[in-house]
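Shown next: target_26.cif, containing mmCIF, C-alpha atoms.
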```cif
data_my_file
#
loop_
_atom_site.group_PDB
_atom_site.id
_atom_site.type_symbol
_atom_site.label_atom_id
_atom_site.label_comp_id
_atom_site.auth_asym_id
_atom_site.auth_seq_id
_atom_site.Cartn_x
_atom_site.Cartn_y
_atom_site.Cartn_z
ATOM 1 C CA MET A 1168 -1.163 76.656 25.138
ATOM 2 C CA PRO A 1169 1.866 78.021 23.318
ATOM 3 C CA GLY A 1170 2.394 80.951 25.677
ATOM 4 C CA ARG A 1171 3.963 78.782 28.334
ATOM 5 C CA SER A 1172 6.738 76.269 28.041
ATOM 6 C CA PRO A 1173 7.711 74.526 31.232
ATOM 7 C CA GLU A 1174 9.747 72.035 29.230
ATOM 8 C CA THR A 1175 12.577 74.294 28.031
ATOM 9 C CA ASP A 1176 14.130 77.665 28.816
ATOM 10 C CA SER A 1177 13.688 78.887 25.271
ATOM 11 C CA ARG A 1178 12.681 82.524 24.837
ATOM 12 C CA ALA A 1179 12.121 82.230 21.108
ATOM 13 C CA PRO A 1180 8.703 83.472 20.034
ATOM 14 C CA TRP A 1181 6.041 80.929 19.256
ATOM 15 C CA ILE A 1182 4.723 80.807 15.724
ATOM 16 C CA GLU A 1183 1.106 79.728 15.767
ATOM 17 C CA LYS A 1184 -1.114 78.477 12.974
ATOM 18 C CA VAL A 1185 -4.530 76.970 12.589
ATOM 19 C CA LEU A 1186 -4.463 74.384 9.824
ATOM 20 C CA PRO A 1187 -7.450 72.872 8.071
ATOM 21 C CA THR A 1188 -7.764 69.122 8.199
ATOM 22 C CA ASN A 1189 -6.148 68.614 4.825
ATOM 23 C CA LEU A 1190 -2.982 66.575 4.442
ATOM 24 C CA GLY A 1191 -1.978 68.739 1.521
ATOM 25 C CA VAL A 1192 -1.256 71.728 3.761
ATOM 26 C CA ILE A 1193 1.349 69.999 5.892
ATOM 27 C CA ARG A 1194 4.296 70.523 3.604
ATOM 28 C CA ALA A 1195 4.130 74.310 3.570
ATOM 29 C CA SER A 1196 4.521 74.477 7.356
ATOM 30 C CA GLU A 1197 7.122 71.744 7.241
ATOM 31 C CA ARG A 1198 9.209 73.759 4.800
ATOM 32 C CA GLU A 1199 8.981 76.812 7.052
ATOM 33 C CA ILE A 1200 10.190 74.905 10.094
ATOM 34 C CA LEU A 1201 13.023 73.250 8.213
ATOM 35 C CA ALA A 1202 14.155 76.589 6.801
ATOM 36 C CA LEU A 1203 14.076 78.053 10.301
ATOM 37 C CA LEU A 1204 16.200 75.192 11.619
ATOM 38 C CA ALA A 1205 18.676 75.427 8.753
ATOM 39 C CA GLY A 1206 19.185 79.081 9.596
ATOM 40 C CA LEU A 1207 19.861 78.172 13.212
ATOM 41 C CA GLY A 1208 22.544 75.643 12.346
ATOM 42 C CA TYR A 1209 20.632 72.399 12.810
ATOM 43 C CA ASN A 1210 22.379 69.698 10.796
ATOM 44 C CA ASP A 1211 20.906 67.307 8.247
ATOM 45 C CA ASP A 1212 20.318 64.580 10.825
ATOM 46 C CA HIS A 1213 18.402 66.944 13.094
ATOM 47 C CA ARG A 1214 16.285 68.223 10.233
ATOM 48 C CA PHE A 1215 15.575 64.673 9.046
ATOM 49 C CA ALA A 1216 14.419 63.812 12.552
ATOM 50 C CA VAL A 1217 12.225 66.883 12.924
ATOM 51 C CA ARG A 1218 10.746 66.421 9.464
ATOM 52 C CA LEU A 1219 9.829 62.835 10.213
ATOM 53 C CA ALA A 1220 8.310 63.584 13.616
ATOM 54 C CA PHE A 1221 6.486 66.647 12.301
ATOM 55 C CA GLU A 1222 4.917 64.639 9.470
ATOM 56 C CA GLU A 1223 3.860 61.845 11.799
ATOM 57 C CA ALA A 1224 2.348 64.223 14.348
ATOM 58 C CA LEU A 1225 0.375 66.208 11.779
ATOM 59 C CA VAL A 1226 -0.862 63.117 9.945
ATOM 60 C CA ASN A 1227 -1.904 61.562 13.252
ATOM 61 C CA ALA A 1228 -3.748 64.734 14.253
ATOM 62 C CA MET A 1229 -5.659 64.954 10.999
ATOM 63 C CA LYS A 1230 -6.293 61.266 10.345
ATOM 64 C CA HIS A 1231 -6.681 59.726 13.769
ATOM 65 C CA GLY A 1232 -7.574 62.835 15.785
ATOM 66 C CA ASN A 1233 -9.847 64.777 13.483
ATOM 67 C CA ARG A 1234 -10.811 61.716 11.414
ATOM 68 C CA MET A 1235 -10.240 63.846 8.312
ATOM 69 C CA ASP A 1236 -13.319 65.885 9.205
ATOM 70 C CA PRO A 1237 -12.955 69.136 7.231
ATOM 71 C CA ARG A 1238 -14.958 70.994 9.889
ATOM 72 C CA ARG A 1239 -12.169 70.349 12.381
ATOM 73 C CA SER A 1240 -8.833 72.134 12.555
ATOM 74 C CA VAL A 1241 -5.352 71.405 13.829
ATOM 75 C CA ARG A 1242 -3.519 73.981 15.917
ATOM 76 C CA LEU A 1243 0.186 74.095 15.268
ATOM 77 C CA ALA A 1244 2.660 76.045 17.368
ATOM 78 C CA TYR A 1245 6.413 75.927 17.069
ATOM 79 C CA ARG A 1246 9.480 77.845 18.054
ATOM 80 C CA ALA A 1247 13.160 77.295 17.624
ATOM 81 C CA SER A 1248 16.333 78.659 19.116
ATOM 82 C CA GLU A 1249 19.974 77.669 18.905
ATOM 83 C CA GLU A 1250 19.229 75.365 21.819
ATOM 84 C CA CYS A 1251 16.146 73.459 20.726
ATOM 85 C CA VAL A 1252 13.036 73.337 18.621
ATOM 86 C CA GLU A 1253 9.615 72.777 20.174
ATOM 87 C CA ILE A 1254 6.561 71.729 18.212
ATOM 88 C CA ARG A 1255 3.077 71.498 19.631
ATOM 89 C CA VAL A 1256 0.208 69.906 17.675
ATOM 90 C CA THR A 1257 -3.382 69.941 18.916
ATOM 91 C CA ASP A 1258 -6.311 68.293 17.198
ATOM 92 C CA GLU A 1259 -10.038 68.507 17.848
ATOM 93 C CA GLY A 1260 -10.622 64.813 18.238
ATOM 94 C CA PRO A 1261 -11.656 62.869 21.339
ATOM 95 C CA GLY A 1262 -8.076 62.056 22.262
ATOM 96 C CA PHE A 1263 -6.525 58.684 22.926
ATOM 97 C CA ARG A 1264 -4.194 56.827 25.274
ATOM 98 C CA PRO A 1265 -0.715 56.845 23.720
ATOM 99 C CA ASN A 1266 0.392 54.055 26.002
ATOM 100 C CA GLY A 1267 -2.454 51.943 24.656
ATOM 101 C CA VAL A 1268 -0.882 51.766 21.196
ATOM 102 C CA PRO A 1269 0.659 48.313 20.697
ATOM 103 C CA ASP A 1270 4.451 48.180 20.443
ATOM 104 C CA PRO A 1271 5.049 47.836 16.680
ATOM 105 C CA THR A 1272 8.449 46.234 17.223
ATOM 106 C CA ARG A 1273 7.103 43.174 18.998
ATOM 107 C CA ASP A 1274 7.305 40.089 16.824
ATOM 108 C CA GLU A 1275 3.538 39.675 16.695
ATOM 109 C CA ASN A 1276 3.099 43.278 15.445
ATOM 110 C CA LEU A 1277 5.881 43.476 12.867
ATOM 111 C CA GLN A 1278 3.556 42.676 9.974
ATOM 112 C CA ARG A 1279 0.924 45.213 10.974
ATOM 113 C CA PRO A 1280 0.774 47.984 8.380
ATOM 114 C CA CYS A 1281 0.170 50.787 10.882
ATOM 115 C CA GLY A 1282 1.064 51.887 14.406
ATOM 116 C CA ARG A 1283 4.643 53.096 13.902
ATOM 117 C CA GLY A 1284 4.137 56.864 13.873
ATOM 118 C CA ILE A 1285 4.283 57.524 17.611
ATOM 119 C CA MET A 1286 7.208 55.201 18.024
ATOM 120 C CA LEU A 1287 9.148 57.056 15.336
ATOM 121 C CA MET A 1288 8.314 60.395 16.938
ATOM 122 C CA ARG A 1289 9.650 59.136 20.253
ATOM 123 C CA SER A 1290 12.745 57.685 18.618
ATOM 124 C CA TYR A 1291 13.716 60.795 16.718
ATOM 125 C CA MET A 1292 12.781 63.561 19.156
ATOM 126 C CA ASP A 1293 14.337 64.133 22.564
ATOM 127 C CA LYS A 1294 10.991 64.597 24.226
ATOM 128 C CA VAL A 1295 7.448 63.647 23.237
ATOM 129 C CA ALA A 1296 4.712 64.431 25.732
ATOM 130 C CA TYR A 1297 0.968 64.060 25.317
ATOM 131 C CA SER A 1298 -1.679 65.993 27.160
ATOM 132 C CA PRO A 1299 -3.802 63.941 29.572
ATOM 133 C CA SER A 1300 -6.596 63.794 27.002
ATOM 134 C CA GLY A 1301 -4.182 62.721 24.280
ATOM 135 C CA ASN A 1302 -5.227 65.256 21.666
ATOM 136 C CA GLU A 1303 -2.180 67.485 22.106
ATOM 137 C CA VAL A 1304 1.446 66.504 21.693
ATOM 138 C CA LEU A 1305 4.568 68.510 22.453
ATOM 139 C CA MET A 1306 7.828 67.461 20.863
ATOM 140 C CA VAL A 1307 11.288 68.829 21.645
ATOM 141 C CA LYS A 1308 14.546 68.322 19.770
ATOM 142 C CA TYR A 1309 17.826 69.733 21.088
ATOM 143 C CA ARG A 1310 20.358 70.950 18.566
ATOM 144 C CA ASP A 1311 23.468 69.773 20.349
ATOM 145 C CA ARG A 1312 22.417 66.299 21.376
ATOM 146 C CA MET B 1383 5.515 51.003 -17.379
ATOM 147 C CA LEU B 1384 3.273 50.831 -14.353
ATOM 148 C CA GLY B 1385 2.881 52.919 -11.256
ATOM 149 C CA GLY B 1386 2.475 56.394 -12.699
ATOM 150 C CA ASP B 1387 4.875 59.241 -12.120
ATOM 151 C CA LEU B 1388 6.083 58.177 -8.695
ATOM 152 C CA ALA B 1389 7.265 54.667 -9.424
ATOM 153 C CA HIS B 1390 8.644 53.016 -12.522
ATOM 154 C CA VAL B 1391 8.096 49.288 -12.810
ATOM 155 C CA THR B 1392 10.143 47.206 -15.226
ATOM 156 C CA ASP B 1393 10.684 43.512 -15.757
ATOM 157 C CA PHE B 1394 14.139 42.045 -15.259
ATOM 158 C CA GLN B 1395 14.155 38.405 -16.308
ATOM 159 C CA GLY B 1396 10.864 37.772 -14.582
ATOM 160 C CA ILE B 1397 11.663 39.890 -11.545
ATOM 161 C CA LYS B 1398 9.764 43.134 -11.193
ATOM 162 C CA LEU B 1399 12.037 46.064 -10.473
ATOM 163 C CA VAL B 1400 10.320 49.080 -8.936
ATOM 164 C CA ARG B 1401 12.274 52.330 -8.949
ATOM 165 C CA ILE B 1402 10.905 55.273 -7.008
ATOM 166 C CA ARG B 1403 11.182 58.596 -8.748
ATOM 167 C CA THR B 1404 10.677 61.068 -5.951
ATOM 168 C CA GLU B 1405 12.853 62.320 -3.099
ATOM 169 C CA ALA B 1406 10.171 61.800 -0.488
ATOM 170 C CA ILE B 1407 7.211 59.510 0.091
ATOM 171 C CA ILE B 1408 5.242 61.524 2.568
ATOM 172 C CA THR B 1409 2.058 62.955 1.082
ATOM 173 C CA ASP B 1410 -1.105 60.898 0.777
ATOM 174 C CA ASP B 1411 -0.822 61.041 -3.014
ATOM 175 C CA GLN B 1412 2.748 59.754 -2.906
ATOM 176 C CA VAL B 1413 1.915 56.985 -0.465
ATOM 177 C CA GLU B 1414 -1.101 55.904 -2.515
ATOM 178 C CA ALA B 1415 0.929 55.979 -5.743
ATOM 179 C CA LEU B 1416 3.530 53.747 -4.137
ATOM 180 C CA GLY B 1417 0.742 51.438 -3.003
ATOM 181 C CA ARG B 1418 -0.705 51.249 -6.510
ATOM 182 C CA ALA B 1419 2.672 50.415 -8.018
ATOM 183 C CA LEU B 1420 3.244 47.661 -5.485
ATOM 184 C CA ASP B 1421 -0.327 46.372 -5.882
ATOM 185 C CA SER B 1422 0.249 46.017 -9.619
ATOM 186 C CA VAL B 1423 3.334 43.941 -8.901
ATOM 187 C CA ALA B 1424 1.540 41.771 -6.360
ATOM 188 C CA GLU B 1425 -1.230 40.903 -8.836
ATOM 189 C CA VAL B 1426 0.975 38.187 -10.308
ATOM 190 C CA PRO B 1427 1.111 35.056 -8.159
ATOM 191 C CA ALA B 1428 4.545 34.145 -6.793
ATOM 192 C CA GLN B 1429 6.003 37.364 -8.174
ATOM 193 C CA ARG B 1430 9.510 38.234 -7.092
ATOM 194 C CA ALA B 1431 10.159 41.953 -6.834
ATOM 195 C CA VAL B 1432 12.837 44.456 -5.929
ATOM 196 C CA LEU B 1433 12.055 47.948 -4.721
ATOM 197 C CA SER B 1434 14.889 50.417 -5.174
ATOM 198 C CA PHE B 1435 14.969 53.466 -2.935
ATOM 199 C CA LEU B 1436 17.742 55.176 -4.872
ATOM 200 C CA GLY B 1437 17.312 58.932 -4.429
ATOM 201 C CA VAL B 1438 14.684 58.638 -1.696
ATOM 202 C CA GLY B 1439 15.647 60.723 1.301
ATOM 203 C CA HIS B 1440 12.456 60.709 3.284
ATOM 204 C CA LEU B 1441 9.395 58.596 3.995
ATOM 205 C CA THR B 1442 6.749 58.223 6.650
ATOM 206 C CA SER B 1443 5.205 55.383 8.591
ATOM 207 C CA GLN B 1444 2.353 55.335 6.075
ATOM 208 C CA ALA B 1445 4.817 54.423 3.331
ATOM 209 C CA LEU B 1446 6.187 51.669 5.551
ATOM 210 C CA GLY B 1447 2.644 50.391 5.843
ATOM 211 C CA LYS B 1448 2.361 50.097 2.064
ATOM 212 C CA LEU B 1449 5.582 48.107 1.952
ATOM 213 C CA ILE B 1450 4.261 45.707 4.558
ATOM 214 C CA GLN B 1451 0.969 45.283 2.726
ATOM 215 C CA ALA B 1452 2.850 44.474 -0.476
ATOM 216 C CA HIS B 1453 5.179 42.125 1.365
ATOM 217 C CA LYS B 1454 2.232 40.219 2.801
ATOM 218 C CA ALA B 1455 0.318 40.131 -0.503
ATOM 219 C CA LEU B 1456 3.334 38.758 -2.348
ATOM 220 C CA ALA B 1457 4.176 36.261 0.374
ATOM 221 C CA GLU B 1458 0.638 34.869 0.308
ATOM 222 C CA THR B 1459 1.237 33.594 -3.228
ATOM 223 C CA GLY B 1460 4.822 32.540 -2.720
ATOM 224 C CA GLY B 1461 6.374 35.758 -3.974
ATOM 225 C CA GLU B 1462 8.705 38.136 -2.214
ATOM 226 C CA LEU B 1463 9.607 41.824 -2.059
ATOM 227 C CA ARG B 1464 13.261 42.703 -1.480
ATOM 228 C CA LEU B 1465 14.628 46.200 -0.949
ATOM 229 C CA ALA B 1466 17.751 47.980 -2.150
ATOM 230 C CA ASP B 1467 19.597 51.293 -2.367
ATOM 231 C CA ILE B 1468 18.333 52.562 0.963
ATOM 232 C CA ASP B 1469 19.800 55.819 2.243
ATOM 233 C CA PRO B 1470 21.485 55.367 5.651
ATOM 234 C CA ARG B 1471 18.959 57.624 7.369
ATOM 235 C CA ILE B 1472 16.073 55.668 5.876
ATOM 236 C CA TYR B 1473 17.785 52.430 6.811
ATOM 237 C CA GLU B 1474 17.814 53.639 10.390
ATOM 238 C CA VAL B 1475 14.021 53.968 10.205
ATOM 239 C CA PHE B 1476 13.828 50.338 9.117
ATOM 240 C CA SER B 1477 16.175 49.377 11.910
ATOM 241 C CA ILE B 1478 14.300 51.294 14.621
ATOM 242 C CA THR B 1479 11.010 49.748 13.559
ATOM 243 C CA ARG B 1480 12.686 46.337 13.175
ATOM 244 C CA LEU B 1481 11.456 46.128 9.607
ATOM 245 C CA ASP B 1482 15.004 45.197 8.681
ATOM 246 C CA LYS B 1483 13.980 41.821 10.130
ATOM 247 C CA VAL B 1484 10.943 41.605 7.850
ATOM 248 C CA PHE B 1485 12.591 42.584 4.565
ATOM 249 C CA LYS B 1486 15.767 41.381 2.932
ATOM 250 C CA ILE B 1487 17.705 44.571 2.235
ATOM 251 C CA TYR B 1488 20.599 44.895 -0.210
ATOM 252 C CA ASP B 1489 23.086 47.673 -0.854
ATOM 253 C CA ARG B 1490 22.327 47.932 -4.569
ATOM 254 C CA GLU B 1491 19.443 46.905 -6.800
ATOM 255 C CA GLN B 1492 21.823 44.672 -8.805
ATOM 256 C CA ASP B 1493 22.587 42.771 -5.617
ATOM 257 C CA ALA B 1494 18.906 42.373 -4.826
ATOM 258 C CA LEU B 1495 18.103 41.182 -8.348
ATOM 259 C CA ALA B 1496 20.995 38.743 -8.297
ATOM 260 C CA SER B 1497 19.896 37.409 -4.922
ATOM 261 C CA PHE B 1498 16.844 35.881 -6.581
ATOM 262 C CA SER B 1499 19.079 33.956 -8.971
ATOM 263 C CA PRO B 1500 21.995 32.568 -6.988
ATOM 264 C CA GLY B 1501 25.014 31.937 -9.148
ATOM 265 C CA ARG B 1502 23.919 34.355 -11.827
ATOM 266 C CA GLY B 1503 24.839 38.014 -11.616
ATOM 267 C CA ALA B 1504 22.520 40.858 -12.538
ATOM 268 C CA GLU B 1505 23.643 43.663 -14.759
ATOM 269 C CA GLY B 1506 22.594 47.223 -14.041
#
```

In structure tokens, write the structure found in this file.
Amino acid sequence: MPGRSPETDSRAPWIEKVLPTNLGVIRASEREILALLAGLGYNDDHRFAVRLAFEEALVNAMKHGNRMDPRRSVRLAYRASEECVEIRVTDEGPGFRPNGVPDPTRDENLQRPCGRGIMLMRSYMDKVAYSPSGNEVLMVKYRDR
Amino acid sequence: MLGGDLAHVTDFQGIKLVRIRTEAIITDDQVEALGRALDSVAEVPAQRAVLSFLGVGHLTSQALGKLIQAHKALAETGGELRLADIDPRIYEVFSITRLDKVFKIYDREQDALASFSPGRGAEG
């Protein structure tokens, strides 16, 4: 629900989109966010972090959430200020338990080819919070941290 | 040449050298193209290979997955995939995921090539 934001004090307007489940559409929105952040003075490291987390969240929503079902959509909402950028991604899948994903950095999981997306999101963003059902994620990155 | 537009595969004294020719490995097409290039390298038993990331400024966890698959496929036949020319920000991704413990990573592709032949340098 992009209208509220208990996580930050940002008053920047939300930009909302409904994306088809098609990995090819991710980059256009990604470019828009990165351009917005560049204009607000976010440095290269911040934009690298947001780009990585944004990609992982959208790919997760389409692949694991919507199972690449073209009848399902992904809702994207984002807003940015000189303080922080917030990105909310909601899929139409059944949800999942983020804490149930095995830690990919444990020795026994290092050779697994998947399972690193959420960990990277958490590493590169200042806040990553899932809805109770697990099909919505909110990510926050502060400019001056 | 193997690997299509995204990756260029050449032979360097029996070692396969894979150079990526895109700034980012993030789309499904890019990830799959990387996978195909690495699969072609792994077809040869006991193949030794170097993957150079020169010019690559971004990748996703899916691309990391392809690297791991190639690493495992090569290792199963006694081969090995070594990495080189990794941008500091990308290196941090390897470090965070602890994949720097899985792969041998070198500053330059010449160093990685030479590492397969101790005592004999590799020319660029």

Please tell me which residues are no farther than 12 Å from (-5.4, 72.1, 21.6) in the file, counting only C-alpha atoms, and write them as a PyMOL selection string. chain A and resi 1168-1169+1183-1185+1228+1232-1233+1239-1244+1255-1262+1297-1305

Would you save the residues from that selection as an mmCIF file, in the frame of the given file, using C-alpha atoms?
```cif
data_model
loop_
_atom_site.group_PDB
_atom_site.id
_atom_site.type_symbol
_atom_site.label_atom_id
_atom_site.label_comp_id
_atom_site.auth_asym_id
_atom_site.auth_seq_id
_atom_site.Cartn_x
_atom_site.Cartn_y
_atom_site.Cartn_z
ATOM 1 C CA MET A 1168 -1.163 76.656 25.138
ATOM 2 C CA PRO A 1169 1.866 78.021 23.318
ATOM 3 C CA GLU A 1183 1.106 79.728 15.767
ATOM 4 C CA LYS A 1184 -1.114 78.477 12.974
ATOM 5 C CA VAL A 1185 -4.530 76.970 12.589
ATOM 6 C CA ALA A 1228 -3.748 64.734 14.253
ATOM 7 C CA GLY A 1232 -7.574 62.835 15.785
ATOM 8 C CA ASN A 1233 -9.847 64.777 13.483
ATOM 9 C CA ARG A 1239 -12.169 70.349 12.381
ATOM 10 C CA SER A 1240 -8.833 72.134 12.555
ATOM 11 C CA VAL A 1241 -5.352 71.405 13.829
ATOM 12 C CA ARG A 1242 -3.519 73.981 15.917
ATOM 13 C CA LEU A 1243 0.186 74.095 15.268
ATOM 14 C CA ALA A 1244 2.660 76.045 17.368
ATOM 15 C CA ARG A 1255 3.077 71.498 19.631
ATOM 16 C CA VAL A 1256 0.208 69.906 17.675
ATOM 17 C CA THR A 1257 -3.382 69.941 18.916
ATOM 18 C CA ASP A 1258 -6.311 68.293 17.198
ATOM 19 C CA GLU A 1259 -10.038 68.507 17.848
ATOM 20 C CA GLY A 1260 -10.622 64.813 18.238
ATOM 21 C CA PRO A 1261 -11.656 62.869 21.339
ATOM 22 C CA GLY A 1262 -8.076 62.056 22.262
ATOM 23 C CA TYR A 1297 0.968 64.060 25.317
ATOM 24 C CA SER A 1298 -1.679 65.993 27.160
ATOM 25 C CA PRO A 1299 -3.802 63.941 29.572
ATOM 26 C CA SER A 1300 -6.596 63.794 27.002
ATOM 27 C CA GLY A 1301 -4.182 62.721 24.280
ATOM 28 C CA ASN A 1302 -5.227 65.256 21.666
ATOM 29 C CA GLU A 1303 -2.180 67.485 22.106
ATOM 30 C CA VAL A 1304 1.446 66.504 21.693
ATOM 31 C CA LEU A 1305 4.568 68.510 22.453
#
```

To verify the selection step, state as a VMD selection string which residues the PyMOL selection byres ((chain B and resi 1472-1487) around 10) yields on this input. (chain A and resid 1215 1219 1270 to 1274 1277 to 1278 1283 to 1284 1286 to 1287 1290 to 1291) or (chain B and resid 1432 to 1435 1438 to 1443 1446 1449 to 1450 1453 1462 to 1471 1488 to 1491 1493 to 1494 1497)

Skipping near chain neighbours, those fewer than 6 positions away, what residues fall within 12 Å of B:Thr1392 using only C-alpha atoms, listed as a list in words? Met1383, Leu1384, Gly1385, Lys1398, Leu1399, Val1400, Arg1401, Ile1402, Ala1419, Leu1420, Ser1422, Val1423, Ala1431, Val1432, Leu1433 and Ser1434 of chain B

Residues within 10 Å of stretch 1201-1214 of chain A, all atoms listed in the file, excluding chain neighbours under 6 positions, as a PyMOL selection string: (chain A and resi 1220+1246-1252+1291-1292+1308-1312) or (chain B and resi 1471)

Just-selected residues, C-alpha atoms written as a compact mmCIF listing (two decimals), in the frame of the given file:
```txt
# COMPACT_ATOMS: atom_id res chain seq x y z
CA ALA A 1220 8.31 63.58 13.62
CA ARG A 1246 9.48 77.84 18.05
CA ALA A 1247 13.16 77.30 17.62
CA SER A 1248 16.33 78.66 19.12
CA GLU A 1249 19.97 77.67 18.90
CA GLU A 1250 19.23 75.36 21.82
CA CYS A 1251 16.15 73.46 20.73
CA VAL A 1252 13.04 73.34 18.62
CA TYR A 1291 13.72 60.80 16.72
CA MET A 1292 12.78 63.56 19.16
CA LYS A 1308 14.55 68.32 19.77
CA TYR A 1309 17.83 69.73 21.09
CA ARG A 1310 20.36 70.95 18.57
CA ASP A 1311 23.47 69.77 20.35
CA ARG A 1312 22.42 66.30 21.38
CA ARG B 1471 18.96 57.62 7.37
```

Which residue out of A:Asp1236, A:Glu1222, A:Glu1275, A:Glu1253 has the minimum interatomic distance to chain B when all atoms listed in the file are used?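 Closest to chain B of all the choices is A:Glu1222.
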
Rounded to one decimal, what separation in Å do you get between atom CA of A:Asn1266 and atom CA of A:Glu1223?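 Answer for the atom CA of A:Asn1266 to atom CA of A:Glu1223 separation: 16.6 Å.
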
Explicit residue set for the PyMOL selection byres ((chain B and resi 1416) around 8), as a list of chain:residue names: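 Given this file, the PyMOL selection byres ((chain B and resi 1416) around 8) evaluates to B:Gly1385, B:Leu1388, B:Ala1389, B:Gln1412, B:Val1413, B:Glu1414, B:Ala1415, B:Gly1417, B:Arg1418, B:Ala1419, B:Leu1420, B:Ala1445, B:Lys1448.
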
Emit as lines of an AutoDock Vina configuration file the padded axis-aligned box for all listed atoms of stretch 1238-1257 of chain A, 5 Å per side, with centre and edge lengths in Å to one decimal.
```
center_x = 2.5
center_y = 74.3
center_z = 15.9
size_x = 44.9
size_y = 18.8
size_z = 21.9
```

Record the distance separating atom CA of A:Val1307 and atom CA of A:Asp1293, expressed in Å with one decimal.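 About the pair atom CA of A:Val1307 and atom CA of A:Asp1293: they are 5.7 Å apart.
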
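Proximity of B:Ile1408, B:Ile1397, B:Ala1428, B:Val1391 to chain A, computed with all atoms listed in the file, is greatest for B:Ile1408.
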
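What separates atom CA of B:Gly1396 from atom CA of B:Ala1452 is a distance of 17.6 Å.
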